[in-house]
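The next block is data-v6.pdb, given as PDB, C-alpha atoms.
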```
MODEL        1
ATOM      1  CA  MET A   1       0.000   0.000   0.000
ATOM      2  CA  ASP A   2       1.328   3.475  -0.945
ATOM      3  CA  SER A   3       2.578   5.396   2.065
ATOM      4  CA  PHE A   4       0.321   8.310   1.159
ATOM      5  CA  SER A   5      -2.906   6.312   1.170
ATOM      6  CA  PHE A   6      -3.480   6.855   4.886
ATOM      7  CA  LEU A   7      -3.810  10.611   4.370
ATOM      8  CA  PHE A   8      -7.275  12.082   4.110
ATOM      9  CA  GLY A   9      -9.146  15.281   4.911
ATOM     10  CA  SER A  10      -7.362  18.557   4.267
ATOM     11  CA  PHE A  11      -4.286  20.257   5.547
ATOM     12  CA  VAL A  12      -3.033  23.772   5.119
ATOM     13  CA  ALA A  13       0.234  24.643   3.515
ATOM     14  CA  TYR A  14       1.719  27.764   2.068
ATOM     15  CA  PHE A  15       4.208  27.823  -0.787
ATOM     16  CA  CYS A  16       5.929  31.103  -1.605
ATOM     17  CA  PHE A  17       7.015  31.929  -5.123
ATOM     18  CA  THR A  18       8.173  35.519  -5.619
ATOM     19  CA  ASP A  19       5.884  36.702  -2.797
ATOM     20  CA  VAL A  20       2.993  34.658  -4.119
ATOM     21  CA  ILE A  21       1.126  32.256  -1.833
ATOM     22  CA  LEU A  22       0.080  29.239  -3.818
ATOM     23  CA  VAL A  23      -3.016  27.547  -2.462
ATOM     24  CA  THR A  24      -3.593  24.095  -3.917
ATOM     25  CA  SER A  25      -7.104  22.707  -3.491
ATOM     26  CA  GLN A  26      -7.309  18.897  -3.410
ATOM     27  CA  PHE A  27      -9.033  16.513  -0.990
ATOM     28  CA  PHE A  28      -7.024  13.417  -0.129
ATOM     29  CA  LEU A  29     -10.043  11.348   0.875
ATOM     30  CA  GLY A  30      -9.998   8.463  -1.563
ATOM     31  CA  VAL A  31      -7.966  10.337  -4.199
ATOM     32  CA  CYS A  32      -4.362  10.063  -2.986
ATOM     33  CA  MET A  33      -3.425   7.515  -5.616
ATOM     34  CA  ASN A  34      -4.989   9.596  -8.388
ATOM     35  CA  TYR A  35      -3.290  12.738  -7.097
ATOM     36  CA  LEU A  36       0.168  11.206  -7.126
ATOM     37  CA  GLY A  37      -0.495   9.041 -10.165
ATOM     38  CA  ASP A  38      -0.940  11.875 -12.657
ATOM     39  CA  GLU A  39       2.535  11.190 -14.025
ATOM     40  CA  ARG A  40       1.185   8.131 -15.806
ATOM     41  CA  ASP A  41      -0.656  10.466 -18.172
ATOM     42  CA  ALA A  42       1.433  13.631 -17.768
ATOM     43  CA  PRO A  43       4.890  12.924 -16.323
ATOM     44  CA  SER A  44       6.003  16.476 -15.815
ATOM     45  CA  ARG A  45       2.756  17.570 -14.204
ATOM     46  CA  GLY A  46       2.692  14.496 -11.968
ATOM     47  CA  ALA A  47       6.230  15.090 -10.769
ATOM     48  CA  ASP A  48       5.381  18.714 -10.026
ATOM     49  CA  ARG A  49       2.328  17.724  -7.996
ATOM     50  CA  ARG A  50       4.376  15.176  -6.040
ATOM     51  CA  ARG A  51       6.705  17.954  -4.954
ATOM     52  CA  LYS A  52       3.702  20.056  -3.973
ATOM     53  CA  ALA A  53       2.546  17.343  -1.581
ATOM     54  CA  PHE A  54       5.456  18.142   0.774
ATOM     55  CA  PRO A  55       6.214  21.213   2.905
ATOM     56  CA  ASP A  56       8.702  23.659   1.468
ATOM     57  CA  PRO A  57      12.104  24.128   3.194
ATOM     58  CA  SER A  58      10.708  26.886   5.402
ATOM     59  CA  GLY A  59       8.358  24.374   7.021
ATOM     60  CA  ARG A  60       5.227  26.022   5.687
ATOM     61  CA  GLN A  61       2.622  23.954   3.915
ATOM     62  CA  ARG A  62      -0.231  24.408   1.491
ATOM     63  CA  TRP A  63      -3.906  23.605   1.209
ATOM     64  CA  LEU A  64      -4.737  20.237  -0.277
ATOM     65  CA  GLN A  65      -8.409  19.824  -1.091
ATOM     66  CA  GLN A  66     -10.168  17.966  -3.863
ATOM     67  CA  PRO A  67     -11.640  20.237  -6.553
ATOM     68  CA  PRO A  68     -15.250  19.583  -7.537
ATOM     69  CA  PRO A  69     -15.675  17.814 -10.886
ATOM     70  CA  SER A  70     -15.956  20.128 -13.878
ATOM     71  CA  PRO A  71     -19.322  20.033 -15.643
ATOM     72  CA  THR A  72     -19.498  18.155 -18.927
ATOM     73  CA  SER A  73     -21.054  19.475 -22.108
ATOM     74  CA  SER A  74     -24.213  17.497 -21.314
ATOM     75  CA  ASP A  75     -24.838  19.221 -17.957
ATOM     76  CA  LEU A  76     -23.514  22.741 -18.476
ATOM     77  CA  HIS A  77     -26.576  24.256 -16.826
ATOM     78  CA  HIS A  78     -26.850  21.686 -14.019
ATOM     79  CA  ARG A  79     -26.755  23.303 -10.593
ATOM     80  CA  THR A  80     -24.461  22.064  -7.853
ATOM     81  CA  SER A  81     -26.167  19.631  -5.502
ATOM     82  CA  SER A  82     -24.881  21.509  -2.442
ATOM     83  CA  PRO A  83     -25.627  25.205  -3.034
ATOM     84  CA  HIS A  84     -23.719  26.308   0.055
ATOM     85  CA  GLY A  85     -20.481  24.566  -0.885
ATOM     86  CA  HIS A  86     -18.251  22.263   1.142
ATOM     87  CA  SER A  87     -17.991  22.424   4.910
ATOM     88  CA  GLY A  88     -14.507  21.028   5.653
ATOM     89  CA  ALA A  89     -12.107  23.079   7.756
ATOM     90  CA  GLY A  90      -9.579  23.310   4.916
ATOM     91  CA  TRP A  91     -12.259  24.526   2.535
ATOM     92  CA  ARG A  92     -13.399  27.238   4.963
ATOM     93  CA  GLU A  93      -9.817  28.357   5.605
ATOM     94  CA  ALA A  94      -9.100  28.589   1.877
ATOM     95  CA  VAL A  95     -12.237  30.687   1.347
ATOM     96  CA  ALA A  96     -11.298  32.902   4.300
ATOM     97  CA  ALA A  97      -7.749  33.386   3.001
ATOM     98  CA  ALA A  98      -9.003  34.330  -0.463
ATOM     99  CA  ALA A  99     -11.645  36.690   0.926
ATOM    100  CA  GLY A 100      -9.030  38.329   3.130
ATOM    101  CA  ALA A 101      -6.706  38.871   0.180
ATOM    102  CA  LEU A 102      -9.552  40.440  -1.810
ATOM    103  CA  ARG A 103     -10.552  42.760   1.039
ATOM    104  CA  ALA A 104      -6.927  43.910   1.242
ATOM    105  CA  GLY A 105      -7.165  45.026  -2.392
ATOM    106  CA  GLY A 106      -5.393  42.002  -3.839
ATOM    107  CA  LEU A 107      -5.911  39.895  -6.945
ATOM    108  CA  VAL A 108      -6.749  36.217  -6.494
ATOM    109  CA  ALA A 109      -6.568  33.469  -9.123
ATOM    110  CA  VAL A 110      -9.502  31.075  -8.873
ATOM    111  CA  PRO A 111     -10.908  28.068 -10.735
ATOM    112  CA  THR A 112     -14.328  28.461 -12.335
ATOM    113  CA  ASP A 113     -16.629  26.140 -14.260
ATOM    114  CA  THR A 114     -14.957  27.120 -17.562
ATOM    115  CA  VAL A 115     -11.346  28.346 -17.213
ATOM    116  CA  TYR A 116      -9.124  29.844 -14.512
ATOM    117  CA  GLY A 117      -9.951  33.406 -13.605
ATOM    118  CA  VAL A 118      -8.539  36.365 -11.708
ATOM    119  CA  ALA A 119     -10.835  38.158  -9.297
ATOM    120  CA  CYS A 120     -10.819  41.352  -7.266
ATOM    121  CA  LEU A 121     -13.489  43.363  -5.460
ATOM    122  CA  ALA A 122     -15.556  45.118  -8.122
ATOM    123  CA  GLN A 123     -16.343  48.012  -5.773
ATOM    124  CA  ASP A 124     -12.634  48.741  -5.228
ATOM    125  CA  PRO A 125     -11.426  51.129  -7.971
ATOM    126  CA  ALA A 126      -7.726  50.547  -7.231
ATOM    127  CA  ALA A 127      -8.137  46.766  -7.435
ATOM    128  CA  VAL A 128     -10.015  47.082 -10.722
ATOM    129  CA  ARG A 129      -7.152  49.124 -12.147
ATOM    130  CA  SER A 130      -4.747  46.411 -10.961
ATOM    131  CA  ILE A 131      -6.575  43.782 -13.023
ATOM    132  CA  TYR A 132      -6.253  45.909 -16.151
ATOM    133  CA  ARG A 133      -2.518  46.320 -15.520
ATOM    134  CA  LEU A 134      -2.118  42.597 -14.828
ATOM    135  CA  LYS A 135      -3.663  41.564 -18.122
ATOM    136  CA  GLY A 136      -2.364  44.408 -20.243
ATOM    137  CA  ARG A 137      -6.027  45.001 -21.026
ATOM    138  CA  ARG A 138      -7.175  48.085 -22.902
ATOM    139  CA  GLY A 139      -9.303  50.405 -20.813
ATOM    140  CA  GLY A 140     -12.328  50.236 -23.111
ATOM    141  CA  LYS A 141     -12.784  46.487 -22.657
ATOM    142  CA  PRO A 142     -15.263  45.743 -19.850
ATOM    143  CA  LEU A 143     -14.950  43.413 -16.887
ATOM    144  CA  ALA A 144     -17.750  41.096 -15.792
ATOM    145  CA  ILE A 145     -18.902  40.819 -12.203
ATOM    146  CA  CYS A 146     -19.254  37.526 -10.336
ATOM    147  CA  LEU A 147     -21.892  36.743  -7.720
ATOM    148  CA  GLY A 148     -22.528  33.744  -5.515
ATOM    149  CA  ASP A 149     -26.273  33.569  -6.171
ATOM    150  CA  VAL A 150     -28.810  34.788  -8.721
ATOM    151  CA  ASP A 151     -30.750  36.656  -6.011
ATOM    152  CA  ARG A 152     -27.878  39.126  -5.557
ATOM    153  CA  LEU A 153     -27.989  40.072  -9.226
ATOM    154  CA  TYR A 154     -30.998  42.349  -8.740
ATOM    155  CA  ARG A 155     -29.037  44.737  -6.546
ATOM    156  CA  TYR A 156     -26.526  45.535  -9.265
ATOM    157  CA  CYS A 157     -28.601  45.139 -12.442
ATOM    158  CA  ARG A 158     -31.903  46.158 -14.002
ATOM    159  CA  VAL A 159     -33.507  42.962 -15.194
ATOM    160  CA  GLU A 160     -35.747  42.811 -18.292
ATOM    161  CA  VAL A 161     -36.263  39.039 -18.372
ATOM    162  CA  PRO A 162     -38.183  36.573 -16.181
ATOM    163  CA  ASP A 163     -36.449  35.444 -13.027
ATOM    164  CA  GLN A 164     -36.803  31.800 -14.076
ATOM    165  CA  LEU A 165     -34.920  32.523 -17.311
ATOM    166  CA  LEU A 166     -31.935  33.691 -15.293
ATOM    167  CA  ARG A 167     -32.162  30.580 -13.127
ATOM    168  CA  ASP A 168     -32.290  28.367 -16.225
ATOM    169  CA  LEU A 169     -28.934  29.833 -17.273
ATOM    170  CA  LEU A 170     -27.301  30.395 -13.882
ATOM    171  CA  PRO A 171     -25.355  28.992 -12.139
ATOM    172  CA  GLY A 172     -23.593  27.920 -15.297
ATOM    173  CA  PRO A 173     -21.018  28.793 -17.964
ATOM    174  CA  VAL A 174     -22.955  31.841 -19.172
ATOM    175  CA  THR A 175     -22.345  35.577 -18.779
ATOM    176  CA  VAL A 176     -25.596  37.524 -18.934
ATOM    177  CA  VAL A 177     -25.276  41.174 -19.951
ATOM    178  CA  LEU A 178     -27.822  43.493 -18.310
ATOM    179  CA  ARG A 179     -28.280  47.164 -17.595
ATOM    180  CA  ARG A 180     -26.299  48.170 -14.539
ATOM    181  CA  SER A 181     -27.839  49.816 -11.473
ATOM    182  CA  GLU A 182     -26.559  52.766  -9.469
ATOM    183  CA  GLU A 183     -25.262  50.337  -6.818
ATOM    184  CA  LEU A 184     -22.354  49.239  -8.994
ATOM    185  CA  ASN A 185     -18.985  50.957  -8.743
ATOM    186  CA  LYS A 186     -19.040  53.841 -11.232
ATOM    187  CA  ASP A 187     -15.354  53.255 -11.999
ATOM    188  CA  LEU A 188     -16.122  49.745 -13.251
ATOM    189  CA  ASN A 189     -16.778  49.915 -17.007
ATOM    190  CA  PRO A 190     -17.700  53.640 -16.896
ATOM    191  CA  PHE A 191     -17.958  53.696 -20.698
ATOM    192  CA  THR A 192     -21.069  51.485 -20.904
ATOM    193  CA  PRO A 193     -24.468  51.315 -19.177
ATOM    194  CA  LEU A 194     -24.246  47.507 -19.315
ATOM    195  CA  VAL A 195     -22.492  44.911 -17.191
ATOM    196  CA  GLY A 196     -21.822  41.200 -17.671
ATOM    197  CA  VAL A 197     -22.778  38.971 -14.740
ATOM    198  CA  ARG A 198     -21.404  35.510 -13.904
ATOM    199  CA  VAL A 199     -22.698  32.991 -11.372
ATOM    200  CA  PRO A 200     -20.306  30.110 -12.115
ATOM    201  CA  ASN A 201     -21.296  26.504 -11.499
ATOM    202  CA  HIS A 202     -18.313  26.028  -9.202
ATOM    203  CA  PRO A 203     -18.759  25.835  -5.416
ATOM    204  CA  PHE A 204     -15.465  27.466  -4.432
ATOM    205  CA  ILE A 205     -15.868  30.741  -6.308
ATOM    206  CA  ARG A 206     -19.544  30.925  -5.359
ATOM    207  CA  GLU A 207     -18.648  30.498  -1.690
ATOM    208  CA  LEU A 208     -15.913  33.109  -2.081
ATOM    209  CA  ALA A 209     -18.360  35.559  -3.663
ATOM    210  CA  ARG A 210     -20.790  35.007  -0.788
ATOM    211  CA  ALA A 211     -17.997  35.728   1.691
ATOM    212  CA  CYS A 212     -17.442  39.192   0.182
ATOM    213  CA  SER A 213     -19.781  42.101   0.828
ATOM    214  CA  GLY A 214     -19.984  43.147  -2.816
ATOM    215  CA  PRO A 215     -19.554  41.611  -6.256
ATOM    216  CA  LEU A 216     -16.251  40.324  -7.582
ATOM    217  CA  ALA A 217     -14.774  41.604 -10.819
ATOM    218  CA  LEU A 218     -13.777  38.527 -12.798
ATOM    219  CA  THR A 219     -11.675  37.980 -15.889
ATOM    220  CA  SER A 220      -9.731  35.071 -17.356
ATOM    221  CA  ALA A 221      -6.273  34.285 -15.930
ATOM    222  CA  ASN A 222      -4.175  35.163 -18.952
ATOM    223  CA  ILE A 223      -2.603  38.114 -20.708
ATOM    224  CA  SER A 224      -5.108  39.797 -23.029
ATOM    225  CA  CYS A 225      -5.222  38.234 -26.490
ATOM    226  CA  GLN A 226      -3.580  35.020 -25.211
ATOM    227  CA  GLY A 227      -5.325  31.680 -24.703
ATOM    228  CA  SER A 228      -7.421  30.842 -21.650
ATOM    229  CA  THR A 229      -5.849  28.632 -18.981
ATOM    230  CA  LEU A 230      -6.955  25.290 -17.543
ATOM    231  CA  MET A 231      -4.142  24.797 -14.986
ATOM    232  CA  VAL A 232      -2.330  27.216 -12.677
ATOM    233  CA  SER A 233       0.994  26.321 -14.304
ATOM    234  CA  GLU A 234      -0.270  27.856 -17.546
ATOM    235  CA  PHE A 235      -0.299  31.386 -16.126
ATOM    236  CA  GLN A 236       2.952  31.392 -14.146
ATOM    237  CA  ASP A 237       3.914  34.722 -15.698
ATOM    238  CA  LEU A 238       1.106  36.314 -13.674
ATOM    239  CA  TRP A 239       2.048  34.777 -10.318
ATOM    240  CA  PRO A 240       4.312  37.622  -9.090
ATOM    241  CA  GLN A 241       1.414  40.086  -9.399
ATOM    242  CA  LEU A 242      -1.163  37.906  -7.629
ATOM    243  CA  SER A 243      -1.870  37.937  -3.900
ATOM    244  CA  LEU A 244      -3.175  34.374  -3.823
ATOM    245  CA  ILE A 245      -3.633  31.422  -6.163
ATOM    246  CA  ILE A 246      -6.297  28.785  -5.630
ATOM    247  CA  ASP A 247      -5.246  25.626  -7.449
ATOM    248  CA  GLY A 248      -8.302  23.502  -8.199
ATOM    249  CA  GLY A 249      -6.408  21.154 -10.493
ATOM    250  CA  GLN A 250      -7.006  20.904 -14.216
ATOM    251  CA  ILE A 251     -10.347  22.257 -15.403
ATOM    252  CA  GLY A 252     -12.081  20.110 -18.003
ATOM    253  CA  ASP A 253     -10.415  18.210 -20.815
ATOM    254  CA  ALA A 254      -7.396  20.064 -22.169
ATOM    255  CA  GLN A 255      -7.678  18.097 -25.417
ATOM    256  CA  SER A 256     -11.243  19.221 -26.099
ATOM    257  CA  PRO A 257     -11.570  22.062 -28.627
ATOM    258  CA  GLU A 258     -14.268  23.625 -26.431
ATOM    259  CA  ALA A 259     -12.245  23.539 -23.208
ATOM    260  CA  ARG A 260     -10.783  27.047 -23.550
ATOM    261  CA  LEU A 261     -13.769  28.855 -25.059
ATOM    262  CA  GLY A 262     -14.887  30.443 -21.811
ATOM    263  CA  SER A 263     -18.455  31.326 -20.962
ATOM    264  CA  THR A 264     -21.152  32.085 -23.511
ATOM    265  CA  VAL A 265     -21.884  35.828 -23.341
ATOM    266  CA  VAL A 266     -25.449  36.883 -24.096
ATOM    267  CA  ASP A 267     -26.957  40.375 -24.032
ATOM    268  CA  LEU A 268     -30.366  40.357 -22.290
ATOM    269  CA  SER A 269     -30.599  44.115 -21.748
ATOM    270  CA  VAL A 270     -33.479  44.637 -24.217
ATOM    271  CA  SER A 271     -36.870  43.199 -23.334
ATOM    272  CA  GLY A 272     -37.958  40.353 -25.598
ATOM    273  CA  LYS A 273     -34.614  40.104 -27.412
ATOM    274  CA  PHE A 274     -31.175  38.574 -27.003
ATOM    275  CA  ALA A 275     -27.820  38.943 -28.710
ATOM    276  CA  ILE A 276     -24.908  36.525 -28.581
ATOM    277  CA  ILE A 277     -21.753  38.535 -27.913
ATOM    278  CA  ARG A 278     -19.418  35.559 -27.561
ATOM    279  CA  PRO A 279     -20.408  31.984 -28.520
ATOM    280  CA  GLY A 280     -18.388  30.367 -25.728
ATOM    281  CA  CYS A 281     -18.854  26.802 -24.533
ATOM    282  CA  ALA A 282     -22.627  26.768 -23.940
ATOM    283  CA  LEU A 283     -23.997  28.373 -27.106
ATOM    284  CA  THR A 284     -26.428  25.659 -28.205
ATOM    285  CA  SER A 285     -28.097  25.113 -24.844
ATOM    286  CA  THR A 286     -28.292  28.873 -24.179
ATOM    287  CA  VAL A 287     -29.979  29.656 -27.491
ATOM    288  CA  GLU A 288     -32.416  26.774 -27.024
ATOM    289  CA  ILE A 289     -33.491  28.145 -23.648
ATOM    290  CA  LEU A 290     -33.868  31.702 -24.900
ATOM    291  CA  ARG A 291     -35.689  30.942 -28.152
ATOM    292  CA  GLN A 292     -37.683  27.800 -27.500
ATOM    293  CA  LYS A 293     -38.645  28.226 -23.846
ATOM    294  CA  TYR A 294     -38.970  32.004 -23.624
ATOM    295  CA  GLY A 295     -39.543  33.102 -27.242
ATOM    296  CA  LEU A 296     -36.814  35.738 -27.267
ATOM    297  CA  VAL A 297     -35.846  37.110 -30.677
ATOM    298  CA  PRO A 298     -32.160  37.149 -31.684
ATOM    299  CA  GLU A 299     -30.509  40.364 -32.790
ATOM    300  CA  SER A 300     -26.996  41.751 -33.110
ATOM    301  CA  SER A 301     -25.306  43.717 -30.331
ATOM    302  CA  GLU A 302     -22.501  46.215 -30.743
ATOM    303  CA  ASP A 303     -22.623  47.848 -27.307
ATOM    304  CA  PHE A 304     -20.735  45.374 -25.172
ATOM    305  CA  ARG A 305     -17.711  43.237 -25.905
ATOM    306  CA  LEU A 306     -15.879  41.107 -23.335
TER     307      LEU A 306
ENDMDL
END
```
What is this structure when it is put down as structure tokens?
Amino acid sequence: MDSFSFLFGSFVAYFCFTDVILVTSQFFLGVCMNYLGDERDAPSRGADRRRKAFPDPSGRQRWLQQPPPSPTSSDLHHRTSSPHGHSGAGWREAVAAAAGALRAGGLVAVPTDTVYGVACLAQDPAAVRSIYRLKGRRGGKPLAICLGDVDRLYRYCRVEVPDQLLRDLLPGPVTVVLRRSEELNKDLNPFTPLVGVRVPNHPFIRELARACSGPLALTSANISCQGSTLMVSEFQDLWPQLSLIIDGGQIGDAQSPEARLGSTVVDLSVSGKFAIIRPGCALTSTVEILRQKYGLVPESSEDFRL
């Protein structure tokens, strides 16, 4: 029997890389062999994860918690069975650490239901500017906000569609674009009256969003115009500028052509109509819901581009 097979639960460890705290989320309950056996399919990644299983020379350790399974193309709109997330001590400590970093004005890398993202507090103008600098993003390109639950959306947006329509799409890999309310930070996307809203189908980021008093600003963890990332190792160039990294393991199937498409972005700001801004990974199911179930009419949109 492998010497690691007796380990289970979660333990906390911190790994410093150029002032970056790397937080790796993996549960060891029943998955130790899979965790250390990745080298059978990806030798270099497996070897790297084996090193991560040990404390660094300073004696500090990192979180190890199992990430939730990524949704497949057949259940992109399926809600999580536990809407309030996991309850383990390691999970709560990871959420608390990430929330603390965000409240301090930091940028935190997080897994989502599509690709890895970088989040900050949307109501913090300085943090929002930091995200633009991190990505090398032009100022006229908007950021989406991320919420833990659909109910919170009404505080920051003016909704022109039925509540059940939103709940048919969210939580899920969809960004809905709506008219913003006065509650939203005026320095966030000041050039447009619209805002994109995400409620990802991923328990960690939803729990993190609930732990923060306001919405998160969320963007993909990559330099602008570069490909989306499915593992934390794919955005190492950003690590020095991040306050915290939550490693949820690989997201989805890296070999799938749809794996890096990101969320489907749909404009729902006009009553009775919709416009696809970005096809993303859930285009077919989104259009079916909007047209067949709710009778919305498609049109083009030029006002908002993620």
What are the nearest atom pairs, with distances in Å to one decimal, for all residues of segment 197-235 of chain A that come at most 6 Å from segment 108-123 of chain A, using all atoms listed in the file, set out by chain and rising residue number as a tab-separated table?
```
residue	atom	partner	partner_atom	distance
A:Pro200	CA	A:Asp113	CA	5.8
A:Asn201	CA	A:Asp113	CA	5.4
A:His202	CA	A:Asp113	CA	5.3
A:Pro215	CA	A:Ala122	CA	5.6
A:Leu216	CA	A:Leu121	CA	4.6
A:Ala217	CA	A:Ala122	CA	4.5
A:Leu218	CA	A:Ala119	CA	4.6
A:Thr219	CA	A:Gly117	CA	5.4
A:Ser220	CA	A:Gly117	CA	4.1
A:Ala221	CA	A:Gly117	CA	4.4
A:Thr229	CA	A:Tyr116	CA	5.7
A:Leu230	CA	A:Val115	CA	5.4
```
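Among the candidates A:Ala209, A:Val270, A:Val297, A:Leu107, the residue lying nearest to Arg152 of chain A is A:Ala209 (atoms considered: only C-alpha atoms).
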- Could you jot down the atom CA of Gly100 of chain A to atom CA of Ala126 of chain A separation for me, Å, one decimal place? 16.1 Å
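Coordinates place atom CA of Gly148 of chain A at a distance of 27.6 Å from atom CA of Gly295 of chain A.
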- Message: Expand the PyMOL selection byres ((chain A and resi 287) around 12) into the explicit residue set it covers here, and present it as a count of residues only.
- Response: 33
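Nearest residue to Ile205 of chain A, choosing from A:Pro193, A:Arg137, A:Asp149, A:Asp237 and counting only C-alpha atoms: A:Asp149.
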